[in-house]
Amino acid sequence: MLDPTEENLRLAADALREGKLVALPTETVYGLGADAFNPRALARVFEAKNRPHFDPLIVHVATVEAVDRVADLEALGSSGASRARALMEAFWPGPLTLILPKRPEVPDLATSALPSVAVRLPAHPVARRLIELSTGAVAAPSANPFGYLSPTRAAHVADQLGERVDFIMDGGRCPVGVESTVLDLTVDPPLVLRPGGLSVDRLEALLGTVEVFDRSTTSPKAPGQLPSHYAPRARLKLVPAGALPLCDPSPGAVALCFDAASEARLRAEAPGLFARAFVLSPSGDLVEAAAELFETLHSLDASGVAEIWAERVPDAGLGRAVNDRLYKASEK
Ligand code: TXA
Ligand code: MG
């Protein structure tokens with residue numbers, strides 16, 4: 001585990017150039033980084049995470065110019081390319097991943113042999129400096145074993161992947177707390193494959209029409225769309241907003257309320273129903289709820305809670321990403 005001093009960043013960047021794995025903080029969650037141009041390093045990422053090879057990685061860059069080394073924007077046509085550039089201008093650095101036509105220099109292992117590549121310019125200064133000092137393109141999935149919750153602190157990475165990574169850069173807690181929004185620009189209209197840290201409303205404000213992947217009508221294209229993903233060890237039951245007082249929990253189960261009002265209602269209507277109640281955002285702020293979600297689930301897992309009952313949050317802004325992750329974590 002390294003503090004992000006310039007000296008340590010150089011050490012970690014050299015390690016990346018040598019094909020080693022470096023876990024790095026981003027504003028969304030911690031990533032498990034490898035040189036995007038090195039197939040052997042990429043293979044180690046899949047091995048370390050126990051991740052199936054059909055699940056492609058996100059390539060992280062430190063500048064907009066570096067996108068051209070991994071993606072071919074012109075293959076989108078002139079209006080598609082200008083749409084992609086407008087999105088980068090508006091939302092990068094930040095929690096938006098763009099699916100773009102790939103350049104042949106990107107190894108098939110990074111993209112699961114798809115003709116497209118996922119690209120993101122993260123906002124975290126530690127990630128950006130590390131990428132800049134390395135080859136300029138770092139492939140990084142979330143730094144968790146496949147199927148488990150994404151890490152929002154360096155200690156989560158150490159607990160989950162420990163010996164399987166060469167260095168962990170400790171950049172503190174990830175401020176956004178849920179993964180990036182994944183937007184496919186190889187289709188028209190653009191399609192949100194995974195709701196995340198950038199709200200769909202903000203994409204719509206720039207693009208007009210955006211489609212959002214609907215798992216009830218479409219079969220998964222990205223494994224992030226598989227329903228059983230991002231799950232804690234505890235059993236998680238997802239119920240409609242306001243329904244927690246009506247639940248039938250096992251002894252010792254805890255409740256995960258959206259806001260203080262919902263917790264107050266639970267206490268008034270069903271005192272003692274749950275062993276404890278946790279609140280994602282006392283004031284009902286969806287940005288705070290997103291930031292607290294994995295944090296809370298990680299700490300509940302660490303405390304050995306076996307059953308969590310969570311209520312859905314409002315389906316607006318980052319609430320979409322929160323509901324998506326709660327759904328994926330839940331028992332179906
Ligand atoms: O916030 C994030 O996106 C974090 C940080 C580390 O940047 N990364 C992350 O990576 O969440 P990962 O690998 O856990 O999720 C990447 C998602 C997966 O759902 C993957 O299937 C999808 O992006 N993806 C990657 N390349 C794709 C492609 N060419 N076409 C469609 N989906 C793709
Ligand atoms: Mg992941």
# chains A, B, ... in the order shown; residues from 1 in each chain; ligands from 1
$ select_by_dssp --residues "region 91-192 of chain A" --states "helix (DSSP H, G or I)" --output "list in words"
Phe91, Asp108, Leu109, Ala110, Thr111, Pro125, Val126, Ala127, Arg128, Arg129, Leu130, Ile131, Glu132, Leu133, Ala154, Ala155, His156, Val157, Ala158, Asp159, Gln160, Leu161, Gly162, Glu163 and Arg164 of chain A
$ write_last_selection --atoms "C-alpha atoms" --output "PDB file, in the first residue's frame"
ATOM      1  CA  PHE A  91     -18.261  15.438 -18.819  1.00  0.00           C
ATOM      2  CA  ASP A 108      -8.407  -8.294 -27.875  1.00  0.00           C
ATOM      3  CA  LEU A 109      -8.093  -9.272 -24.238  1.00  0.00           C
ATOM      4  CA  ALA A 110      -8.981  -5.707 -23.178  1.00  0.00           C
ATOM      5  CA  THR A 111     -12.179  -5.697 -25.220  1.00  0.00           C
ATOM      6  CA  PRO A 125      -5.767  13.408  -9.564  1.00  0.00           C
ATOM      7  CA  VAL A 126      -3.915  10.264  -8.412  1.00  0.00           C
ATOM      8  CA  ALA A 127      -5.370   8.200 -11.254  1.00  0.00           C
ATOM      9  CA  ARG A 128      -4.588  10.887 -13.813  1.00  0.00           C
ATOM     10  CA  ARG A 129      -0.989  11.347 -12.686  1.00  0.00           C
ATOM     11  CA  LEU A 130      -0.385   7.602 -12.616  1.00  0.00           C
ATOM     12  CA  ILE A 131      -1.825   7.125 -16.114  1.00  0.00           C
ATOM     13  CA  GLU A 132       0.223  10.064 -17.402  1.00  0.00           C
ATOM     14  CA  LEU A 133       3.460   8.603 -15.973  1.00  0.00           C
ATOM     15  CA  ALA A 154      -7.816   1.191  -0.404  1.00  0.00           C
ATOM     16  CA  ALA A 155      -8.447  -1.147   2.550  1.00  0.00           C
ATOM     17  CA  HIS A 156     -11.323  -2.800   0.664  1.00  0.00           C
ATOM     18  CA  VAL A 157      -8.874  -3.618  -2.141  1.00  0.00           C
ATOM     19  CA  ALA A 158      -6.295  -4.969   0.294  1.00  0.00           C
ATOM     20  CA  ASP A 159      -8.963  -7.161   1.953  1.00  0.00           C
ATOM     21  CA  GLN A 160     -10.400  -8.457  -1.313  1.00  0.00           C
ATOM     22  CA  LEU A 161      -7.402  -8.817  -3.618  1.00  0.00           C
ATOM     23  CA  GLY A 162      -4.443  -8.468  -1.225  1.00  0.00           C
ATOM     24  CA  GLU A 163      -1.547 -10.551  -2.529  1.00  0.00           C
ATOM     25  CA  ARG A 164      -2.843 -10.596  -6.097  1.00  0.00           C
TER      26      ARG A 164
END
$ residues_near_ligand --ligand "ligand 1" --cutoff "8 Å" --atoms "only C-alpha atoms and all ligand atoms" --output "mmCIF file with N, CA and C atoms, in the first residue's frame"
data_model
loop_
_atom_site.group_PDB
_atom_site.id
_atom_site.type_symbol
_atom_site.label_atom_id
_atom_site.label_comp_id
_atom_site.auth_asym_id
_atom_site.auth_seq_id
_atom_site.Cartn_x
_atom_site.Cartn_y
_atom_site.Cartn_z
ATOM 1 N N LEU A 24 -5.681 1.508 -8.224
ATOM 2 C CA LEU A 24 -5.627 2.968 -8.180
ATOM 3 C C LEU A 24 -6.985 3.564 -7.812
ATOM 4 N N PRO A 25 -6.953 4.688 -7.076
ATOM 5 C CA PRO A 25 -8.223 5.333 -6.741
ATOM 6 C C PRO A 25 -8.751 6.101 -7.940
ATOM 7 N N THR A 26 -10.062 6.055 -8.152
ATOM 8 C CA THR A 26 -10.697 6.984 -9.093
ATOM 9 C C THR A 26 -11.819 7.661 -8.311
ATOM 10 N N GLU A 27 -12.478 8.628 -8.915
ATOM 11 C CA GLU A 27 -13.566 9.310 -8.191
ATOM 12 C C GLU A 27 -14.763 8.392 -7.982
ATOM 13 N N THR A 28 -14.866 7.300 -8.782
ATOM 14 C CA THR A 28 -16.027 6.405 -8.641
ATOM 15 C C THR A 28 -15.725 5.285 -7.647
ATOM 16 N N VAL A 29 -14.858 4.366 -8.044
ATOM 17 C CA VAL A 29 -14.437 3.249 -7.182
ATOM 18 C C VAL A 29 -12.960 2.988 -7.488
ATOM 19 N N TYR A 30 -12.309 2.126 -6.705
ATOM 20 C CA TYR A 30 -10.924 1.762 -7.004
ATOM 21 C C TYR A 30 -10.880 0.839 -8.210
ATOM 22 N N GLY A 31 -9.858 1.037 -9.053
ATOM 23 C CA GLY A 31 -9.670 0.185 -10.214
ATOM 24 C C GLY A 31 -8.451 -0.706 -10.037
ATOM 25 N N LEU A 32 -8.448 -1.832 -10.768
ATOM 26 C CA LEU A 32 -7.284 -2.721 -10.773
ATOM 27 C C LEU A 32 -6.586 -2.485 -12.108
ATOM 28 N N ASP A 55 -15.928 -10.529 -20.387
ATOM 29 C CA ASP A 55 -16.309 -9.254 -19.769
ATOM 30 C C ASP A 55 -15.199 -8.217 -20.003
ATOM 31 N N PRO A 56 -15.397 -7.297 -20.966
ATOM 32 C CA PRO A 56 -14.317 -6.387 -21.361
ATOM 33 C C PRO A 56 -13.994 -5.319 -20.310
ATOM 34 N N LEU A 57 -12.798 -4.737 -20.431
ATOM 35 C CA LEU A 57 -12.298 -3.771 -19.456
ATOM 36 C C LEU A 57 -12.481 -2.335 -19.948
ATOM 37 N N ILE A 58 -12.404 -1.386 -19.025
ATOM 38 C CA ILE A 58 -12.415 0.033 -19.397
ATOM 39 C C ILE A 58 -10.964 0.508 -19.505
ATOM 40 N N HIS A 60 -8.480 3.515 -19.295
ATOM 41 C CA HIS A 60 -8.450 4.849 -18.696
ATOM 42 C C HIS A 60 -7.323 5.668 -19.309
ATOM 43 N N PRO A 95 -17.222 10.683 -14.282
ATOM 44 C CA PRO A 95 -17.721 9.302 -14.221
ATOM 45 C C PRO A 95 -18.543 8.871 -15.437
ATOM 46 N N LEU A 96 -17.980 9.057 -16.624
ATOM 47 C CA LEU A 96 -18.647 8.649 -17.858
ATOM 48 C C LEU A 96 -17.687 7.797 -18.679
ATOM 49 N N THR A 97 -18.121 6.591 -19.046
ATOM 50 C CA THR A 97 -17.342 5.704 -19.917
ATOM 51 C C THR A 97 -18.021 5.657 -21.275
ATOM 52 N N ILE A 99 -18.324 3.928 -25.046
ATOM 53 C CA ILE A 99 -18.014 2.777 -25.902
ATOM 54 C C ILE A 99 -17.827 3.309 -27.325
ATOM 55 N N LEU A 100 -16.618 3.094 -27.855
ATOM 56 C CA LEU A 100 -16.211 3.685 -29.132
ATOM 57 C C LEU A 100 -15.614 2.606 -30.034
ATOM 58 N N ALA A 110 -8.398 -6.876 -23.860
ATOM 59 C CA ALA A 110 -8.981 -5.707 -23.178
ATOM 60 C C ALA A 110 -10.452 -5.554 -23.522
ATOM 61 N N THR A 111 -10.828 -5.979 -24.733
ATOM 62 C CA THR A 111 -12.179 -5.697 -25.220
ATOM 63 C C THR A 111 -12.987 -6.973 -25.432
ATOM 64 N N SER A 112 -12.473 -8.100 -24.974
ATOM 65 C CA SER A 112 -13.127 -9.395 -25.190
ATOM 66 C C SER A 112 -13.406 -9.599 -26.669
ATOM 67 N N LEU A 114 -14.307 -7.643 -28.867
ATOM 68 C CA LEU A 114 -15.363 -6.816 -29.461
ATOM 69 C C LEU A 114 -14.715 -5.800 -30.407
ATOM 70 N N PRO A 115 -15.473 -5.296 -31.387
ATOM 71 C CA PRO A 115 -14.923 -4.246 -32.266
ATOM 72 C C PRO A 115 -14.921 -2.871 -31.595
ATOM 73 N N SER A 116 -15.392 -2.802 -30.333
ATOM 74 C CA SER A 116 -15.463 -1.526 -29.619
ATOM 75 C C SER A 116 -14.575 -1.561 -28.383
ATOM 76 N N VAL A 117 -14.268 -0.364 -27.878
ATOM 77 C CA VAL A 117 -13.466 -0.257 -26.653
ATOM 78 C C VAL A 117 -14.140 0.745 -25.713
ATOM 79 N N ALA A 118 -14.100 0.448 -24.416
ATOM 80 C CA ALA A 118 -14.650 1.352 -23.402
ATOM 81 C C ALA A 118 -13.531 2.286 -22.946
ATOM 82 N N VAL A 119 -13.786 3.601 -22.970
ATOM 83 C CA VAL A 119 -12.748 4.581 -22.621
ATOM 84 C C VAL A 119 -13.288 5.577 -21.597
ATOM 85 N N ARG A 120 -12.411 5.915 -20.626
ATOM 86 C CA ARG A 120 -12.823 6.887 -19.615
ATOM 87 C C ARG A 120 -11.634 7.723 -19.185
ATOM 88 N N PRO A 122 -10.721 9.597 -15.960
ATOM 89 C CA PRO A 122 -11.188 9.774 -14.586
ATOM 90 C C PRO A 122 -10.800 11.131 -14.001
ATOM 91 N N ALA A 140 -8.551 -0.819 -16.481
ATOM 92 C CA ALA A 140 -8.840 -1.052 -15.068
ATOM 93 C C ALA A 140 -10.302 -1.373 -14.847
ATOM 94 N N PRO A 141 -10.586 -2.617 -14.474
ATOM 95 C CA PRO A 141 -11.929 -2.921 -13.982
ATOM 96 C C PRO A 141 -11.982 -2.504 -12.512
ATOM 97 N N SER A 142 -13.152 -2.527 -11.925
ATOM 98 C CA SER A 142 -13.222 -2.273 -10.497
ATOM 99 C C SER A 142 -12.377 -3.329 -9.772
ATOM 100 N N ALA A 143 -11.724 -2.913 -8.672
ATOM 101 C CA ALA A 143 -10.720 -3.777 -8.025
ATOM 102 C C ALA A 143 -11.342 -4.713 -6.987
ATOM 103 N N SER A 150 -17.891 -3.340 -5.437
ATOM 104 C CA SER A 150 -16.709 -2.565 -5.813
ATOM 105 C C SER A 150 -16.128 -1.859 -4.588
ATOM 106 N N VAL A 178 -20.173 5.100 -6.721
ATOM 107 C CA VAL A 178 -20.689 4.070 -7.639
ATOM 108 C C VAL A 178 -19.922 4.190 -8.948
ATOM 109 N N GLU A 179 -19.910 3.108 -9.734
ATOM 110 C CA GLU A 179 -19.124 3.074 -10.953
ATOM 111 C C GLU A 179 -19.653 4.080 -11.981
ATOM 112 N N SER A 180 -18.835 4.296 -13.010
ATOM 113 C CA SER A 180 -19.185 5.260 -14.054
ATOM 114 C C SER A 180 -20.424 4.810 -14.836
ATOM 115 N N THR A 181 -21.080 5.778 -15.441
ATOM 116 C CA THR A 181 -22.153 5.519 -16.394
ATOM 117 C C THR A 181 -21.504 5.046 -17.696
ATOM 118 N N VAL A 182 -21.985 3.922 -18.234
ATOM 119 C CA VAL A 182 -21.413 3.397 -19.488
ATOM 120 C C VAL A 182 -22.378 3.723 -20.636
ATOM 121 N N ASP A 184 -22.971 3.662 -24.756
ATOM 122 C CA ASP A 184 -22.556 3.084 -26.027
ATOM 123 C C ASP A 184 -22.818 4.081 -27.154
ATOM 124 N N LEU A 193 -25.636 1.610 -21.136
ATOM 125 C CA LEU A 193 -25.545 0.181 -20.799
ATOM 126 C C LEU A 193 -25.534 -0.025 -19.294
ATOM 127 N N ARG A 194 -25.056 0.975 -18.568
ATOM 128 C CA ARG A 194 -25.015 0.872 -17.096
ATOM 129 C C ARG A 194 -25.218 2.267 -16.524
ATOM 130 N N GLY A 196 -24.808 5.091 -13.812
ATOM 131 C CA GLY A 196 -23.711 5.230 -12.857
ATOM 132 C C GLY A 196 -23.572 6.655 -12.369
ATOM 133 N N GLY A 197 -22.332 7.038 -12.098
ATOM 134 C CA GLY A 197 -22.051 8.305 -11.415
ATOM 135 C C GLY A 197 -22.419 9.573 -12.154
ATOM 136 N N LYS A 221 -25.768 -7.268 -22.736
ATOM 137 C CA LYS A 221 -24.678 -7.092 -23.687
ATOM 138 C C LYS A 221 -23.377 -6.940 -22.904
ATOM 139 N N ALA A 222 -23.420 -6.154 -21.851
ATOM 140 C CA ALA A 222 -22.258 -6.013 -20.973
ATOM 141 C C ALA A 222 -22.533 -6.798 -19.698
ATOM 142 N N PRO A 223 -21.534 -7.537 -19.207
ATOM 143 C CA PRO A 223 -21.766 -8.309 -18.005
ATOM 144 C C PRO A 223 -22.137 -7.460 -16.787
ATOM 145 N N GLY A 224 -21.821 -6.163 -16.820
ATOM 146 C CA GLY A 224 -22.300 -5.276 -15.760
ATOM 147 C C GLY A 224 -23.815 -5.257 -15.725
ATOM 148 N N GLN A 225 -24.428 -5.763 -16.809
ATOM 149 C CA GLN A 225 -25.885 -5.810 -16.864
ATOM 150 C C GLN A 225 -26.426 -7.122 -16.314
#
$ closest_residue --among "A:Ala13, A:Ala316, A:Leu149, A:Val212" --to "ligand 2" --atoms "only C-alpha atoms and all ligand atoms"
A:Leu149
$ closest_residue --among "A:Ala113, A:Tyr230, A:Leu2, A:Ala43" --to "ligand 2" --atoms "only C-alpha atoms and all ligand atoms"
A:Tyr230
$ closest_residue --among "A:Ile168, A:Ser299, A:Glu65, A:Phe294" --to "Arg325 (chain A)" --atoms "only C-alpha atoms"
A:Phe294
$ atom_distance --atom1 "CA of Leu73 (chain A)" --atom2 "CA of Val187 (chain A)"
13.1 Å
$ atom_distance --atom1 "CA of Ala275 (chain A)" --atom2 "CA of Pro175 (chain A)"
28.9 Å
$ closest_residue --among "A:Gly33, A:Leu266, A:Ile308, A:Glu47" --to "Leu236 (chain A)" --atoms "only C-alpha atoms"
A:Ile308
$ select_by_dssp --residues "region 191-321 of chain A" --states "strand (DSSP E)" --output "tab-separated table (two decimals) with all heavy atoms, in the first residue's frame"
chain	number	residue	atom	x	y	z
A	191	LEU	N	-26.86	4.52	-26.23
A	191	LEU	CA	-27.54	3.62	-25.30
A	191	LEU	C	-26.76	3.55	-23.98
A	191	LEU	O	-25.56	3.24	-23.97
A	191	LEU	CB	-27.62	2.23	-25.94
A	191	LEU	CG	-28.15	1.08	-25.09
A	191	LEU	CD1	-29.62	1.28	-24.75
A	191	LEU	CD2	-27.97	-0.25	-25.83
A	192	VAL	N	-27.44	3.85	-22.88
A	192	VAL	CA	-26.82	3.69	-21.57
A	192	VAL	C	-26.83	2.21	-21.21
A	192	VAL	O	-27.89	1.62	-21.03
A	192	VAL	CB	-27.57	4.50	-20.49
A	192	VAL	CG1	-27.00	4.21	-19.11
A	192	VAL	CG2	-27.49	6.00	-20.78
A	193	LEU	N	-25.64	1.61	-21.14
A	193	LEU	CA	-25.55	0.18	-20.80
A	193	LEU	C	-25.53	-0.03	-19.29
A	193	LEU	O	-25.89	-1.09	-18.81
A	193	LEU	CB	-24.27	-0.43	-21.40
A	193	LEU	CG	-24.18	-0.47	-22.92
A	193	LEU	CD1	-22.82	-0.98	-23.36
A	193	LEU	CD2	-25.29	-1.36	-23.48
A	194	ARG	N	-25.06	0.98	-18.57
A	194	ARG	CA	-25.01	0.87	-17.10
A	194	ARG	C	-25.22	2.27	-16.52
A	194	ARG	O	-24.41	3.15	-16.78
A	194	ARG	CB	-23.65	0.32	-16.65
A	194	ARG	CG	-23.49	0.24	-15.14
A	194	ARG	CD	-22.15	-0.35	-14.72
A	194	ARG	NE	-21.04	0.57	-14.90
A	194	ARG	CZ	-19.77	0.29	-14.62
A	194	ARG	NH1	-19.46	-0.91	-14.16
A	194	ARG	NH2	-18.82	1.17	-14.81
A	211	GLU	N	-31.17	6.18	-25.06
A	211	GLU	CA	-31.91	5.00	-24.61
A	211	GLU	C	-31.22	4.43	-23.40
A	211	GLU	O	-30.01	4.56	-23.24
A	211	GLU	CB	-32.00	3.98	-25.73
A	211	GLU	CG	-33.13	4.35	-26.65
A	211	GLU	CD	-33.36	3.38	-27.77
A	211	GLU	OE1	-32.92	2.22	-27.68
A	211	GLU	OE2	-34.01	3.79	-28.74
A	212	VAL	N	-31.99	3.82	-22.53
A	212	VAL	CA	-31.41	3.20	-21.35
A	212	VAL	C	-31.71	1.72	-21.42
A	212	VAL	O	-32.86	1.32	-21.65
A	212	VAL	CB	-31.98	3.81	-20.05
A	212	VAL	CG1	-31.34	3.16	-18.83
A	212	VAL	CG2	-31.75	5.31	-20.02
A	235	ARG	N	-27.27	-11.61	2.61
A	235	ARG	CA	-28.46	-11.71	1.76
A	235	ARG	C	-29.10	-10.34	1.70
A	235	ARG	O	-29.27	-9.70	2.74
A	235	ARG	CB	-29.41	-12.68	2.47
A	235	ARG	CG	-30.27	-13.48	1.58
A	235	ARG	CD	-30.96	-14.67	2.27
A	235	ARG	NE	-31.30	-14.44	3.66
A	235	ARG	CZ	-30.74	-15.08	4.67
A	235	ARG	NH1	-29.80	-15.98	4.46
A	235	ARG	NH2	-31.13	-14.85	5.91
A	236	LEU	N	-29.41	-9.85	0.52
A	236	LEU	CA	-30.03	-8.52	0.43
A	236	LEU	C	-31.41	-8.63	-0.22
A	236	LEU	O	-31.56	-9.21	-1.29
A	236	LEU	CB	-29.14	-7.56	-0.36
A	236	LEU	CG	-29.53	-6.08	-0.27
A	236	LEU	CD1	-28.29	-5.18	-0.29
A	236	LEU	CD2	-30.46	-5.66	-1.40
A	237	LYS	N	-32.40	-8.10	0.47
A	237	LYS	CA	-33.77	-8.10	-0.07
A	237	LYS	C	-34.12	-6.67	-0.43
A	237	LYS	O	-33.95	-5.77	0.41
A	237	LYS	CB	-34.76	-8.58	1.00
A	237	LYS	CG	-34.33	-9.86	1.69
A	237	LYS	CD	-35.05	-11.02	1.10
A	237	LYS	CE	-34.91	-12.23	2.01
A	237	LYS	NZ	-35.53	-13.41	1.42
A	238	LEU	N	-34.62	-6.47	-1.64
A	238	LEU	CA	-34.97	-5.13	-2.09
A	238	LEU	C	-36.49	-4.97	-2.10
A	238	LEU	O	-37.19	-5.80	-2.67
A	238	LEU	CB	-34.40	-4.91	-3.50
A	238	LEU	CG	-34.65	-3.54	-4.13
A	238	LEU	CD1	-34.04	-2.42	-3.29
A	238	LEU	CD2	-34.07	-3.52	-5.55
A	239	VAL	N	-36.98	-3.92	-1.46
A	239	VAL	CA	-38.43	-3.71	-1.37
A	239	VAL	C	-38.76	-2.30	-1.87
A	239	VAL	O	-37.88	-1.44	-1.94
A	239	VAL	CB	-38.95	-3.91	0.08
A	239	VAL	CG1	-38.61	-5.31	0.58
A	239	VAL	CG2	-38.41	-2.85	1.04
A	254	VAL	N	-30.93	-6.27	9.36
A	254	VAL	CA	-30.90	-4.81	9.46
A	254	VAL	C	-31.65	-4.18	8.29
A	254	VAL	O	-31.83	-4.81	7.24
A	254	VAL	CB	-29.46	-4.25	9.51
A	254	VAL	CG1	-28.67	-4.87	10.66
A	254	VAL	CG2	-28.74	-4.46	8.18
A	255	ALA	N	-32.08	-2.93	8.49
A	255	ALA	CA	-32.79	-2.20	7.44
A	255	ALA	C	-31.88	-1.14	6.85
A	255	ALA	O	-31.07	-0.55	7.56
A	255	ALA	CB	-34.04	-1.55	8.03
A	256	LEU	N	-32.02	-0.91	5.55
A	256	LEU	CA	-31.29	0.15	4.88
A	256	LEU	C	-32.32	1.13	4.33
A	256	LEU	O	-33.00	0.86	3.33
A	256	LEU	CB	-30.44	-0.44	3.76
A	256	LEU	CG	-29.39	0.45	3.11
A	256	LEU	CD1	-28.47	1.08	4.14
A	256	LEU	CD2	-28.56	-0.36	2.11
A	257	CYS	N	-32.45	2.27	5.03
A	257	CYS	CA	-33.46	3.26	4.66
A	257	CYS	C	-32.85	4.31	3.75
A	257	CYS	O	-31.65	4.59	3.85
A	257	CYS	CB	-33.99	3.99	5.90
A	257	CYS	SG	-34.60	2.91	7.19
A	276	ARG	N	-31.26	-3.22	13.59
A	276	ARG	CA	-30.78	-1.84	13.45
A	276	ARG	C	-31.25	-1.29	12.13
A	276	ARG	O	-31.53	-2.03	11.20
A	276	ARG	CB	-29.25	-1.78	13.45
A	276	ARG	CG	-28.64	-1.60	14.81
A	276	ARG	CD	-27.16	-1.25	14.72
A	276	ARG	NE	-26.93	0.16	14.37
A	276	ARG	CZ	-25.71	0.70	14.27
A	276	ARG	NH1	-24.64	-0.04	14.45
A	276	ARG	NH2	-25.57	1.98	13.96
A	277	ALA	N	-31.30	0.05	12.06
A	277	ALA	CA	-31.62	0.68	10.77
A	277	ALA	C	-30.48	1.62	10.39
A	277	ALA	O	-29.95	2.33	11.24
A	277	ALA	CB	-32.94	1.43	10.86
A	278	PHE	N	-30.10	1.59	9.11
A	278	PHE	CA	-29.07	2.49	8.59
A	278	PHE	C	-29.72	3.39	7.55
A	278	PHE	O	-30.69	3.00	6.90
A	278	PHE	CB	-27.93	1.69	7.95
A	278	PHE	CG	-27.19	0.85	8.95
A	278	PHE	CD1	-27.68	-0.41	9.31
A	278	PHE	CD2	-26.05	1.32	9.58
A	278	PHE	CE1	-27.02	-1.19	10.25
A	278	PHE	CE2	-25.38	0.55	10.53
A	278	PHE	CZ	-25.88	-0.71	10.86
A	279	VAL	N	-29.18	4.61	7.43
A	279	VAL	CA	-29.76	5.59	6.53
A	279	VAL	C	-28.73	5.99	5.49
A	279	VAL	O	-27.60	6.34	5.83
A	279	VAL	CB	-30.23	6.84	7.33
A	279	VAL	CG1	-30.83	7.88	6.40
A	279	VAL	CG2	-31.23	6.44	8.41
A	307	GLU	N	-28.36	-10.55	6.92
A	307	GLU	CA	-29.52	-10.20	6.10
A	307	GLU	C	-29.78	-8.70	6.15
A	307	GLU	O	-29.83	-8.11	7.22
A	307	GLU	CB	-30.75	-10.98	6.62
A	307	GLU	CG	-31.96	-10.91	5.71
A	307	GLU	CD	-33.09	-11.78	6.23
A	307	GLU	OE1	-32.96	-13.03	6.22
A	307	GLU	OE2	-34.12	-11.22	6.67
A	308	ILE	N	-29.94	-8.13	4.96
A	308	ILE	CA	-30.19	-6.69	4.82
A	308	ILE	C	-31.48	-6.50	4.03
A	308	ILE	O	-31.64	-7.11	2.96
A	308	ILE	CB	-29.04	-6.00	4.05
A	308	ILE	CG1	-27.68	-6.22	4.73
A	308	ILE	CG2	-29.32	-4.50	3.89
A	308	ILE	CD1	-26.48	-5.88	3.84
A	309	TRP	N	-32.37	-5.68	4.54
A	309	TRP	CA	-33.57	-5.31	3.77
A	309	TRP	C	-33.40	-3.86	3.37
A	309	TRP	O	-33.29	-2.98	4.23
A	309	TRP	CB	-34.83	-5.48	4.62
A	309	TRP	CG	-35.17	-6.93	4.88
A	309	TRP	CD1	-34.49	-7.79	5.69
A	309	TRP	CD2	-36.25	-7.67	4.32
A	309	TRP	NE1	-35.07	-9.03	5.66
A	309	TRP	CE2	-36.17	-8.98	4.83
A	309	TRP	CE3	-37.29	-7.36	3.42
A	309	TRP	CZ2	-37.08	-9.98	4.48
A	309	TRP	CZ3	-38.20	-8.35	3.09
A	309	TRP	CH2	-38.09	-9.65	3.61
A	310	ALA	N	-33.39	-3.61	2.07
A	310	ALA	CA	-33.20	-2.25	1.58
A	310	ALA	C	-34.43	-1.79	0.82
A	310	ALA	O	-35.07	-2.59	0.14
A	310	ALA	CB	-31.99	-2.20	0.65
A	311	GLU	N	-34.75	-0.51	0.95
A	311	GLU	CA	-35.85	0.03	0.15
A	311	GLU	C	-35.28	0.74	-1.06
A	311	GLU	O	-34.16	1.25	-1.04
A	311	GLU	CB	-36.70	1.00	0.98
A	311	GLU	CG	-35.96	2.26	1.41
A	311	GLU	CD	-36.87	3.25	2.16
A	311	GLU	OE1	-38.10	3.16	2.02
A	311	GLU	OE2	-36.31	4.10	2.88
$ atom_distance --atom1 "CA of Val305 (chain A)" --atom2 "CA of Pro251 (chain A)"
10.6 Å
$ residues_around --residues "Asp188 (chain A)" --least-positions-apart "3" --cutoff "12 Å" --atoms "only C-alpha atoms" --output "number ranges by chain"
A: 76-77, 79-80, 83, 183-185, 191-192, 207-211
$ residues_around --residues "Ala261 (chain A)" --least-positions-apart "3" --cutoff "9 Å" --atoms "only C-alpha atoms" --output "ChimeraX atom specification"
/A:257-258,264-266,282-284
$ closest_residue --among "A:Cys174, A:Val61, A:Leu16, A:Ala234" --to "Ala302 (chain A)" --atoms "only C-alpha atoms"
A:Ala234
$ residues_around --residues "Asp166 (chain A)" --least-positions-apart "4" --cutoff "10 Å" --atoms "only C-alpha atoms" --output "list in words"
Met1, Ala12, Ala15, Leu16, Lys20, Leu21, Val22, Ala23 and Gly162 of chain A
